[in-house]
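Notes follow the structure.
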Amino acid sequence: MHIGQTDTASVKCLINSISRFIHLVSCQTVKPMPFQKICNNMVGVLKRLKPVLDDIMDYKIPLHENLCKVCEELDIGVNEARDFIEKWGSKMSKIHSVLQSGTLLIKLQSTSLDICHMIVKSLQSPPSASVLANLQHYIQELQCLKKETAMIYIEKALRNQRDNIEPCNENLREIIELLKLTSTQELLKETIAVEKERLNAEGHKMIGDLEEINEIVNLVRNLRDYVMKTECFAVKSGVSFPPYFRCPLSLELMVDPVIVASGQTYERQSIQKWLDNGMTVCPKTRQRLTHTNLVPNYTVKAMVATWCEENNTNHASNTKYNNSSHKTVPSDHLLSQELPSGNSISRSCLQTGNAFEERKDDSSFRSNGECNGCQNVEIEKWELQSIHSRSESFSSSISSSDCLLAVSKDVSRMSDKHQNMKGSSVDAGGMENRKNNNSNTTNSHSRVDSHNVSNSGFNELTTSSHVNKLIEDLQSQSIEVKTTAAEELRLLTRHNTENRIIVGKCGAVTPLLSLLYSDGKVTQEHAVTTLLNLSINEDNKALIMEAGATEPLIHVLKAGNDGAKENSAAALFSLSVMENSKAKIGRSGAVKALVELLASGALRGKKDAATALYSLSIFHDNKARIVQAGAVKFLVRLIDPADGMVDKAVALLSNLSTIAEGRLEIAREGGIPSLVEIVESGSQRGKENAACILLQLCLHSSRFCTLVLQEGAVPPLVALSQSGTPRAKEKAQQLLSHFRNQREGATVKGKS
C-alpha cells in the first residue's frame, strides 16, 4: 500500500517533533556529563533522520504500509525525550537520569533504524538514489552508535545486585568517575536525590519506577561503602583523618556530630540537609524517623577535637574538607595508621572519661519533669570502643546506638600498634589494657589477644571451603578439635570484615551457640568471642538473634569464666543495638544476669555489664526490669572514684531516674549525697548527668528536694550553671529555679 494523506500527516508530525526537540536541546544550558552526551546523541540520531524524512516528503516516495505506525511510535519517543529533558533538574539523581535518558536514546535509535529499513524496502524509482545513499550512511552511523559507557557500568552493577553478586570495585570506581561523584558533597547530593525520587515514586504508587529506584538506592549505598573502604580523606592540614570519624552520610569529618531518632550519629549540616529535603528515614538503617530532633553527640565531638589537637589541626577550620586530593589505598590498610600515643582512640580522645551519653535533647526534661517519649539514650562511644577493641573493630568507636557499623562495614581493623600491646589472658579482645593516661579514663580497656597477634595469616581473607571445614570441626566429638576450630574462627574474625561476612553466611552461628553450653571453659570463651566478633556485622546481628542467642549468652554470663562473661555481656550489648532486639533481650532474663555481673564481676565485667544495661535501657520497659533486678544499689556503690566507673554509673542512673521506681531506689540507696558530690567535683559529663538525676528527683518529690538541699547542693549548682556544658547549665538553672519556687511557695503558704 502506498503512502496516503493520513500517512503523510504522521511523517510531517514526526518531522515537526524532531525540529522542536533539536531546538529545545540547543537552547538548554549544558548538562553534566554523561547526561549531556546522551542528549547530544539523541540530537545526532534525530538530526540525521530528519533529512531522510524530508526527502521522503519531497520526492513523494511510496513507502511500506506500516511506516506510519513506526513514525507514530518514534514521535511518541521523541516527545517523551523532550518532556524528560524539560523536566530535568540539577537536583535529580545522576544515576537515574543516565538510566532514563539512556533508555530513551536506545528507543530512538532502535525505532529510527526500523524506519530506515522500511524506507529502503520502499525505494524503487531512480529519483530515490540520493535518498538511498543518505539512508545507507545513516544506517551505518546508527549501528555504530554504542550505549553510553556509564549506563553499561550502572546496568552491570544493578544486575549484580539482583543476582546477589558482591559489588565489583572496578565497576563502582568507573561509575564514580564517569558520573563525577568523586567528591563527598556530590555523593551526598546523589544520596538525597535518589531518596527524594524514591519517596516521589512511593507517593504516586509507581511500582515499576519504585523497584528501579530502590535498586539505585542500594547501588548508591555500595558506592558510599566503596568510598569508605578505599578513599583516604584529609583535613586542610593534609593529615588523613581516621575513617571512623566520618559522617556516614557525607563521609566527611564530623565537626558537629548529632544523633537522630534511629540512634545514628551524623554531621549536623549533612543530616539537616537530608531532613530539609523532606527525608523521613535514617540514611543508614532506613528506619522511619519518629521525630526530627538532632541531639548533640558531645562524646564524638570531644574525640574528634582531641584528635585534631593531637594532629595540630584546627578543629573549627575543618568544616570544609580537603578531599580533592584524596588517594585510593587498599582497604586492608584503612586503619593501619597508628593512633595517638599508642593507646586506643577511646583513651586518647575521651578526656572526660564518661561511659555513656544520654540521647536527649536539651529540652528533654520539661517543667513537669517528664522525659520526652521520643528521645532515648545513646551508647557512649568510648564504651563501644572498649567492647569492640576486643573484637578488633574500630568501627564501633564512634557510632551511636546503632553505631557498631555506622562508619563502614570495613572500618574494623586494629593498628599493629594496638595488636602488639602486652596481654596476659583471654581472647582477641579479652585482655584489659591497664595503661592509662588519665584518671578519668582509667580502664579504657582496649583488649588484645593473648595469642600471637603478630601472625598476619589470620588477617587474610579466608575461603568458604575452609570455614565449612572449621564448622564441621565445631561439631566434632573431640573437645580439642572443637576448641581449635572455635579458636581459629575467632582469630579469622578479629580484624577482617570480609571474614566475618563469610563465616556468618557459611552457617557458623548455630554450632558456635551450641558451644556456649560446653563444659570446656576455654572452648566456651573462644565461641562467645567469635560470636562477639561476628556481631559487629549488621547482617550477622540478625542471624545471631534469629538463631536464639539470648539464652546461651545468659548461660555464659552465669557459668563462664571472667573473660567469657565479659565477652558475653559485650555480645549482648552489640546485639541490643538493633531496636527490635532490645525488648527481646530485656524479656529473656538477661537483665538479671547482667546485674549480677555488675554486682560481682571483675572491673572489666562490671563495665561491660553497665554498657549492655545502658543499651537495653533505651527501650522504656527495660528500665523497670533493670531497677527491679537491683541494679541501682550497685550503681550507687560504683559512684566512687576509686572504682573508675563514676561516669558510667551516673549516666545509667540518669536514664533510670526517668521512671518512678528508679527515683525511689536512688534515694533509698543513699545516692543523693554522692550525686551532689559529683555535681561539685565530677567530670563535665558526670556533672551534667548528676544534675539531670537531681532535677528528676526534685521535680517529682518535695521530700527528695529537701534531701538534696540538705546535702548543700546549691553552691555547686550555682557554679555548674555558670561553667558547665550547655545541657548541664540548663539543668542546674532549672534546679535552682525549682528551689526558688519551692521556697516562695512555702513562704506564701506560711503567711496565709
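Every chain in the C-alpha cells has a letter given in the order shown (A, B, ...), and although residue numbers restart at 1 in each chain, ligands are simply numbered from 1 in the order shown.
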
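Excluding Gly102 in chain A itself and same-chain residues fewer than 5 positions from it, the residues having an atom within 9 Å of it are Phe35, Ile38, Cys39, Ser97, Lys107, Lys147, Glu148 and Met151 of chain A, counting only C-alpha atoms.
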
For the selection you just gave me, I'd like the residues written to a file as a PDB file, in the first residue's frame, keeping N, CA and C atoms.
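Listing of again_7.pdb after writing:
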```
ATOM      1  N   PHE A  35      25.225  12.785  31.004  1.00  0.00           N
ATOM      2  CA  PHE A  35      23.858  13.076  30.602  1.00  0.00           C
ATOM      3  C   PHE A  35      23.841  13.977  29.364  1.00  0.00           C
ATOM      4  N   ILE A  38      24.505  11.984  26.253  1.00  0.00           N
ATOM      5  CA  ILE A  38      23.337  11.218  25.814  1.00  0.00           C
ATOM      6  C   ILE A  38      22.362  12.128  25.077  1.00  0.00           C
ATOM      7  N   CYS A  39      22.150  13.331  25.620  1.00  0.00           N
ATOM      8  CA  CYS A  39      21.269  14.301  24.944  1.00  0.00           C
ATOM      9  C   CYS A  39      21.805  14.641  23.555  1.00  0.00           C
ATOM     10  N   SER A  97      19.060   9.547  36.052  1.00  0.00           N
ATOM     11  CA  SER A  97      18.997  10.331  34.816  1.00  0.00           C
ATOM     12  C   SER A  97      19.693   9.612  33.670  1.00  0.00           C
ATOM     13  N   LYS A 107      15.714   3.690  22.583  1.00  0.00           N
ATOM     14  CA  LYS A 107      14.399   3.612  21.928  1.00  0.00           C
ATOM     15  C   LYS A 107      14.401   4.433  20.633  1.00  0.00           C
ATOM     16  N   LYS A 147      26.070   2.108  23.316  1.00  0.00           N
ATOM     17  CA  LYS A 147      25.429   2.516  24.562  1.00  0.00           C
ATOM     18  C   LYS A 147      26.430   3.306  25.405  1.00  0.00           C
ATOM     19  N   GLU A 148      25.945   4.321  26.090  1.00  0.00           N
ATOM     20  CA  GLU A 148      26.801   5.151  26.922  1.00  0.00           C
ATOM     21  C   GLU A 148      27.527   4.287  27.965  1.00  0.00           C
ATOM     22  N   MET A 151      26.176   4.015  31.475  1.00  0.00           N
ATOM     23  CA  MET A 151      24.975   3.198  31.553  1.00  0.00           C
ATOM     24  C   MET A 151      25.339   1.712  31.592  1.00  0.00           C
TER      25      MET A 151
END
```

Using backbone DSSP assignments, extract all alpha helix (DSSP H) residues from range 207-315 of chain A; output them as a short mmCIF file (atom, residue, chain, number, x, y, z; two decimals) with all heavy atoms, in the first residue's frame.
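Printed below is states-v9.cif as written:
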```cif
data_model
loop_
_atom_site.label_atom_id
_atom_site.label_comp_id
_atom_site.auth_asym_id
_atom_site.auth_seq_id
_atom_site.Cartn_x
_atom_site.Cartn_y
_atom_site.Cartn_z
N ILE A 207 4.89 1.57 40.80
CA ILE A 207 5.54 0.34 41.23
C ILE A 207 6.81 0.04 40.43
O ILE A 207 7.86 -0.25 41.00
CB ILE A 207 4.57 -0.87 41.11
CG1 ILE A 207 3.27 -0.58 41.89
CG2 ILE A 207 5.24 -2.12 41.65
CD1 ILE A 207 3.48 -0.29 43.35
N GLY A 208 6.71 0.13 39.10
CA GLY A 208 7.87 -0.16 38.26
C GLY A 208 9.03 0.76 38.55
O GLY A 208 10.17 0.33 38.74
N ASP A 209 8.73 2.07 38.61
CA ASP A 209 9.77 3.05 38.92
C ASP A 209 10.34 2.83 40.31
O ASP A 209 11.55 2.96 40.53
CB ASP A 209 9.21 4.47 38.83
CG ASP A 209 8.98 4.91 37.39
OD1 ASP A 209 9.46 4.21 36.48
OD2 ASP A 209 8.32 5.93 37.17
N LEU A 210 9.47 2.49 41.26
CA LEU A 210 9.91 2.30 42.65
C LEU A 210 10.91 1.16 42.76
O LEU A 210 11.90 1.25 43.48
CB LEU A 210 8.70 2.05 43.55
CG LEU A 210 8.99 1.95 45.06
CD1 LEU A 210 9.65 3.23 45.57
CD2 LEU A 210 7.70 1.68 45.83
N GLU A 211 10.66 0.08 42.03
CA GLU A 211 11.58 -1.06 42.06
C GLU A 211 12.96 -0.66 41.54
O GLU A 211 13.99 -1.00 42.14
CB GLU A 211 11.02 -2.22 41.24
CG GLU A 211 9.80 -2.89 41.87
CD GLU A 211 9.22 -3.97 40.99
OE1 GLU A 211 9.73 -4.18 39.87
OE2 GLU A 211 8.25 -4.64 41.42
N GLU A 212 12.97 0.09 40.43
CA GLU A 212 14.24 0.52 39.86
C GLU A 212 14.95 1.49 40.80
O GLU A 212 16.16 1.39 41.01
CB GLU A 212 14.01 1.19 38.50
CG GLU A 212 15.30 1.64 37.83
CD GLU A 212 15.06 2.28 36.47
OE1 GLU A 212 14.32 3.29 36.42
OE2 GLU A 212 15.61 1.78 35.48
N ILE A 213 14.20 2.42 41.39
CA ILE A 213 14.81 3.40 42.27
C ILE A 213 15.35 2.74 43.54
O ILE A 213 16.41 3.11 44.05
CB ILE A 213 13.81 4.52 42.62
CG1 ILE A 213 13.48 5.33 41.34
CG2 ILE A 213 14.37 5.45 43.68
CD1 ILE A 213 12.36 6.33 41.50
N ASN A 214 14.63 1.74 44.06
CA ASN A 214 15.14 1.01 45.22
C ASN A 214 16.47 0.34 44.91
O ASN A 214 17.37 0.26 45.75
CB ASN A 214 14.12 -0.02 45.69
CG ASN A 214 13.01 0.60 46.52
OD1 ASN A 214 13.22 1.62 47.18
ND2 ASN A 214 11.83 0.01 46.49
N GLU A 215 16.58 -0.16 43.68
CA GLU A 215 17.85 -0.76 43.26
C GLU A 215 18.95 0.30 43.21
O GLU A 215 20.10 0.05 43.58
CB GLU A 215 17.70 -1.43 41.89
CG GLU A 215 16.85 -2.68 41.91
CD GLU A 215 16.70 -3.31 40.53
OE1 GLU A 215 17.01 -2.62 39.54
OE2 GLU A 215 16.30 -4.49 40.45
N ILE A 216 18.59 1.51 42.75
CA ILE A 216 19.56 2.60 42.68
C ILE A 216 19.98 3.03 44.09
O ILE A 216 21.15 3.35 44.34
CB ILE A 216 18.99 3.79 41.88
CG1 ILE A 216 18.74 3.37 40.42
CG2 ILE A 216 19.94 4.98 41.92
CD1 ILE A 216 18.02 4.42 39.61
N VAL A 217 19.01 3.04 45.02
CA VAL A 217 19.33 3.37 46.42
C VAL A 217 20.41 2.42 46.94
O VAL A 217 21.38 2.83 47.58
CB VAL A 217 18.07 3.29 47.30
CG1 VAL A 217 18.44 3.35 48.78
CG2 VAL A 217 17.10 4.42 46.97
N ASN A 218 20.24 1.13 46.66
CA ASN A 218 21.23 0.14 47.09
C ASN A 218 22.57 0.35 46.38
O ASN A 218 23.63 0.16 46.98
CB ASN A 218 20.72 -1.28 46.84
CG ASN A 218 19.55 -1.63 47.72
OD1 ASN A 218 19.45 -1.14 48.85
ND2 ASN A 218 18.65 -2.47 47.24
N LEU A 219 22.51 0.74 45.12
CA LEU A 219 23.75 0.99 44.38
C LEU A 219 24.50 2.17 44.98
O LEU A 219 25.73 2.13 45.15
CB LEU A 219 23.44 1.26 42.90
CG LEU A 219 24.63 1.69 42.02
CD1 LEU A 219 25.75 0.67 42.10
CD2 LEU A 219 24.18 1.90 40.58
N VAL A 220 23.78 3.24 45.31
CA VAL A 220 24.42 4.40 45.93
C VAL A 220 25.05 4.01 47.26
O VAL A 220 26.15 4.45 47.60
CB VAL A 220 23.40 5.55 46.13
CG1 VAL A 220 24.02 6.69 46.94
CG2 VAL A 220 22.94 6.08 44.78
N ARG A 221 24.38 3.14 48.00
CA ARG A 221 24.94 2.66 49.27
C ARG A 221 26.25 1.92 49.02
O ARG A 221 27.23 2.07 49.75
CB ARG A 221 23.94 1.76 49.98
CG ARG A 221 24.40 1.32 51.37
CD ARG A 221 23.38 0.45 52.08
NE ARG A 221 22.18 1.20 52.37
CZ ARG A 221 20.97 0.86 51.93
NH1 ARG A 221 20.81 -0.18 51.16
NH2 ARG A 221 19.92 1.59 52.25
N ASN A 222 26.27 1.11 47.96
CA ASN A 222 27.50 0.39 47.61
C ASN A 222 28.61 1.35 47.20
O ASN A 222 29.79 1.13 47.52
CB ASN A 222 27.23 -0.61 46.48
CG ASN A 222 26.44 -1.81 46.94
OD1 ASN A 222 26.48 -2.17 48.11
ND2 ASN A 222 25.70 -2.43 46.04
N LEU A 223 28.23 2.42 46.49
CA LEU A 223 29.23 3.42 46.10
C LEU A 223 29.83 4.09 47.34
O LEU A 223 31.04 4.31 47.42
CB LEU A 223 28.59 4.49 45.20
CG LEU A 223 28.12 4.04 43.81
CD1 LEU A 223 27.41 5.18 43.11
CD2 LEU A 223 29.29 3.55 42.96
N ARG A 224 28.98 4.38 48.29
CA ARG A 224 29.45 5.02 49.52
C ARG A 224 30.35 4.08 50.31
O ARG A 224 31.38 4.49 50.85
CB ARG A 224 28.26 5.47 50.37
CG ARG A 224 27.39 6.52 49.70
CD ARG A 224 26.06 6.65 50.41
NE ARG A 224 26.27 7.09 51.78
CZ ARG A 224 26.55 8.34 52.12
NH1 ARG A 224 26.61 9.27 51.20
NH2 ARG A 224 26.73 8.67 53.37
N ASP A 225 29.95 2.81 50.37
CA ASP A 225 30.79 1.81 51.07
C ASP A 225 32.15 1.70 50.40
O ASP A 225 33.18 1.57 51.06
CB ASP A 225 30.09 0.45 51.09
CG ASP A 225 28.91 0.40 52.03
OD1 ASP A 225 28.81 1.30 52.88
OD2 ASP A 225 28.10 -0.53 51.93
N TYR A 226 32.14 1.74 49.07
CA TYR A 226 33.40 1.66 48.32
C TYR A 226 34.31 2.84 48.67
O TYR A 226 35.50 2.67 48.91
CB TYR A 226 33.12 1.62 46.82
CG TYR A 226 34.36 1.78 45.97
CD1 TYR A 226 35.23 0.71 45.78
CD2 TYR A 226 34.66 3.01 45.38
CE1 TYR A 226 36.38 0.87 45.02
CE2 TYR A 226 35.81 3.17 44.62
CZ TYR A 226 36.66 2.09 44.43
OH TYR A 226 37.80 2.25 43.69
N VAL A 227 33.71 4.02 48.71
CA VAL A 227 34.50 5.22 49.04
C VAL A 227 35.03 5.11 50.46
O VAL A 227 36.19 5.45 50.74
CB VAL A 227 33.64 6.49 48.88
CG1 VAL A 227 34.37 7.71 49.44
CG2 VAL A 227 33.30 6.71 47.41
N MET A 228 34.19 4.62 51.38
CA MET A 228 34.63 4.45 52.77
C MET A 228 35.82 3.51 52.85
O MET A 228 36.74 3.70 53.64
CB MET A 228 33.48 3.89 53.61
CG MET A 228 32.36 4.87 53.87
SD MET A 228 32.82 6.19 54.99
CE MET A 228 32.90 5.32 56.54
N LYS A 229 35.83 2.47 52.01
CA LYS A 229 36.89 1.47 52.06
C LYS A 229 38.18 1.94 51.40
O LYS A 229 39.27 1.56 51.82
CB LYS A 229 36.44 0.18 51.36
CG LYS A 229 35.43 -0.63 52.14
CD LYS A 229 35.25 -2.00 51.54
CE LYS A 229 34.62 -1.95 50.17
NZ LYS A 229 34.37 -3.30 49.61
N THR A 230 38.06 2.75 50.38
CA THR A 230 39.23 2.99 49.53
C THR A 230 39.76 4.40 49.52
O THR A 230 40.87 4.62 49.04
CB THR A 230 38.91 2.62 48.07
OG1 THR A 230 37.82 3.43 47.60
CG2 THR A 230 38.51 1.16 47.96
N ARG A 268 25.95 17.42 61.65
CA ARG A 268 24.71 18.20 61.69
C ARG A 268 24.33 18.77 60.32
O ARG A 268 23.18 18.66 59.89
CB ARG A 268 24.84 19.35 62.70
CG ARG A 268 23.56 20.19 62.82
CD ARG A 268 23.77 21.39 63.72
NE ARG A 268 24.02 21.01 65.09
CZ ARG A 268 23.05 20.74 65.98
NH1 ARG A 268 21.79 20.79 65.61
NH2 ARG A 268 23.36 20.42 67.21
N GLN A 269 25.28 19.39 59.65
CA GLN A 269 24.98 20.05 58.38
C GLN A 269 24.45 19.05 57.36
O GLN A 269 23.51 19.34 56.62
CB GLN A 269 26.25 20.72 57.84
CG GLN A 269 26.01 21.57 56.61
CD GLN A 269 27.27 22.29 56.16
OE1 GLN A 269 28.33 22.09 56.70
NE2 GLN A 269 27.14 23.13 55.15
N SER A 270 25.03 17.86 57.34
CA SER A 270 24.62 16.85 56.36
C SER A 270 23.23 16.30 56.65
O SER A 270 22.38 16.22 55.76
CB SER A 270 25.63 15.70 56.35
OG SER A 270 26.91 16.17 56.05
N ILE A 271 22.99 15.92 57.89
CA ILE A 271 21.68 15.33 58.22
C ILE A 271 20.59 16.39 58.17
O ILE A 271 19.44 16.10 57.82
CB ILE A 271 21.72 14.63 59.60
CG1 ILE A 271 20.47 13.75 59.77
CG2 ILE A 271 21.86 15.61 60.72
CD1 ILE A 271 20.37 12.60 58.79
N GLN A 272 20.95 17.65 58.49
CA GLN A 272 19.96 18.72 58.39
C GLN A 272 19.55 18.92 56.94
O GLN A 272 18.37 19.13 56.63
CB GLN A 272 20.52 20.02 58.96
CG GLN A 272 19.47 21.12 59.11
CD GLN A 272 18.37 20.74 60.09
OE1 GLN A 272 18.65 20.52 61.27
NE2 GLN A 272 17.13 20.67 59.61
N LYS A 273 20.52 18.85 56.05
CA LYS A 273 20.23 18.96 54.62
C LYS A 273 19.32 17.82 54.19
O LYS A 273 18.38 18.01 53.40
CB LYS A 273 21.54 18.93 53.83
CG LYS A 273 21.38 19.16 52.33
CD LYS A 273 22.74 19.26 51.66
CE LYS A 273 22.58 19.52 50.16
NZ LYS A 273 23.90 19.62 49.48
N TRP A 274 19.60 16.64 54.70
CA TRP A 274 18.77 15.46 54.41
C TRP A 274 17.34 15.70 54.86
O TRP A 274 16.38 15.48 54.11
CB TRP A 274 19.39 14.26 55.12
CG TRP A 274 18.64 12.97 55.08
CD1 TRP A 274 17.71 12.53 55.96
CD2 TRP A 274 18.77 11.93 54.09
NE1 TRP A 274 17.26 11.29 55.61
CE2 TRP A 274 17.89 10.89 54.47
CE3 TRP A 274 19.55 11.78 52.95
CZ2 TRP A 274 17.77 9.72 53.72
CZ3 TRP A 274 19.42 10.61 52.21
CH2 TRP A 274 18.55 9.61 52.60
N LEU A 275 17.18 16.17 56.09
CA LEU A 275 15.84 16.40 56.64
C LEU A 275 15.14 17.56 55.93
O LEU A 275 13.93 17.50 55.69
CB LEU A 275 15.94 16.69 58.14
CG LEU A 275 16.48 15.54 59.02
CD1 LEU A 275 16.71 16.03 60.44
CD2 LEU A 275 15.54 14.35 59.00
N ASP A 276 15.91 18.60 55.60
CA ASP A 276 15.32 19.76 54.92
C ASP A 276 14.76 19.40 53.55
O ASP A 276 13.90 20.09 53.02
CB ASP A 276 16.36 20.87 54.76
CG ASP A 276 16.70 21.54 56.09
OD1 ASP A 276 15.95 21.32 57.06
OD2 ASP A 276 17.72 22.25 56.15
N TYR A 298 28.14 14.90 72.20
CA TYR A 298 29.31 15.56 72.77
C TYR A 298 30.53 14.64 72.83
O TYR A 298 31.66 15.10 72.74
CB TYR A 298 28.98 16.06 74.18
CG TYR A 298 27.90 17.10 74.21
CD1 TYR A 298 26.66 16.84 74.81
CD2 TYR A 298 28.09 18.35 73.62
CE1 TYR A 298 25.66 17.79 74.82
CE2 TYR A 298 27.09 19.31 73.63
CZ TYR A 298 25.87 19.03 74.24
OH TYR A 298 24.88 19.97 74.25
N THR A 299 30.28 13.36 72.98
CA THR A 299 31.40 12.43 73.11
C THR A 299 32.21 12.36 71.82
O THR A 299 33.43 12.48 71.82
CB THR A 299 30.87 11.02 73.47
OG1 THR A 299 30.13 11.12 74.67
CG2 THR A 299 32.02 10.07 73.65
N VAL A 300 31.50 12.14 70.71
CA VAL A 300 32.21 12.08 69.43
C VAL A 300 32.88 13.41 69.13
O VAL A 300 34.00 13.46 68.62
CB VAL A 300 31.23 11.69 68.29
CG1 VAL A 300 31.94 11.74 66.96
CG2 VAL A 300 30.67 10.30 68.53
N LYS A 301 32.21 14.49 69.49
CA LYS A 301 32.79 15.80 69.26
C LYS A 301 34.10 15.96 70.04
O LYS A 301 35.09 16.49 69.52
CB LYS A 301 31.79 16.90 69.67
CG LYS A 301 32.23 18.31 69.27
CD LYS A 301 31.09 19.30 69.46
CE LYS A 301 31.49 20.68 68.94
NZ LYS A 301 30.38 21.63 69.04
N ALA A 302 34.10 15.44 71.27
CA ALA A 302 35.32 15.51 72.08
C ALA A 302 36.42 14.66 71.48
O ALA A 302 37.60 15.05 71.47
CB ALA A 302 35.01 15.06 73.51
N MET A 303 36.04 13.50 70.96
CA MET A 303 37.02 12.60 70.35
C MET A 303 37.66 13.25 69.13
O MET A 303 38.88 13.23 68.95
CB MET A 303 36.34 11.29 69.94
CG MET A 303 35.88 10.46 71.11
SD MET A 303 34.83 9.09 70.59
CE MET A 303 36.04 8.02 69.81
N VAL A 304 36.82 13.85 68.28
CA VAL A 304 37.33 14.50 67.07
C VAL A 304 38.20 15.70 67.44
O VAL A 304 39.28 15.90 66.86
CB VAL A 304 36.17 14.93 66.15
CG1 VAL A 304 36.70 15.73 64.96
CG2 VAL A 304 35.38 13.72 65.67
N ALA A 305 37.74 16.47 68.43
CA ALA A 305 38.50 17.65 68.84
C ALA A 305 39.88 17.26 69.36
O ALA A 305 40.89 17.90 69.06
CB ALA A 305 37.73 18.43 69.90
N THR A 306 39.91 16.18 70.14
CA THR A 306 41.19 15.73 70.68
C THR A 306 42.11 15.23 69.58
O THR A 306 43.31 15.50 69.58
CB THR A 306 40.96 14.62 71.72
OG1 THR A 306 40.07 15.10 72.72
CG2 THR A 306 42.27 14.21 72.37
N TRP A 307 41.52 14.50 68.64
CA TRP A 307 42.33 14.02 67.50
C TRP A 307 42.91 15.21 66.73
O TRP A 307 44.08 15.21 66.36
CB TRP A 307 41.49 13.16 66.58
CG TRP A 307 42.24 12.69 65.37
CD1 TRP A 307 43.03 11.59 65.25
CD2 TRP A 307 42.30 13.36 64.10
NE1 TRP A 307 43.58 11.52 64.01
CE2 TRP A 307 43.15 12.59 63.27
CE3 TRP A 307 41.73 14.51 63.58
CZ2 TRP A 307 43.43 12.95 61.95
CZ3 TRP A 307 42.02 14.88 62.28
CH2 TRP A 307 42.86 14.09 61.47
N CYS A 308 42.08 16.22 66.50
CA CYS A 308 42.56 17.40 65.78
C CYS A 308 43.68 18.09 66.54
O CYS A 308 44.68 18.53 65.96
CB CYS A 308 41.41 18.39 65.55
SG CYS A 308 40.19 17.84 64.33
N GLU A 309 43.52 18.17 67.86
CA GLU A 309 44.54 18.81 68.68
C GLU A 309 45.85 18.03 68.61
O GLU A 309 46.93 18.61 68.46
CB GLU A 309 44.05 18.90 70.13
CG GLU A 309 45.04 19.59 71.06
CD GLU A 309 44.51 19.64 72.48
OE1 GLU A 309 43.31 19.38 72.68
OE2 GLU A 309 45.31 19.94 73.39
N GLU A 310 45.76 16.71 68.69
CA GLU A 310 46.96 15.88 68.68
C GLU A 310 47.64 15.88 67.32
O GLU A 310 48.82 15.55 67.20
CB GLU A 310 46.61 14.46 69.10
CG GLU A 310 46.20 14.36 70.56
CD GLU A 310 45.79 12.96 70.96
OE1 GLU A 310 45.68 12.11 70.06
OE2 GLU A 310 45.60 12.73 72.16
#
```

Spatial neighbours of range 557-567 of chain A, 7 Å, only C-alpha atoms, chain gap at least 3 places, as a PyMOL selection string: chain A and resi 426+430+521+525+528-529+532+553-554+570-571+593+604-605+608
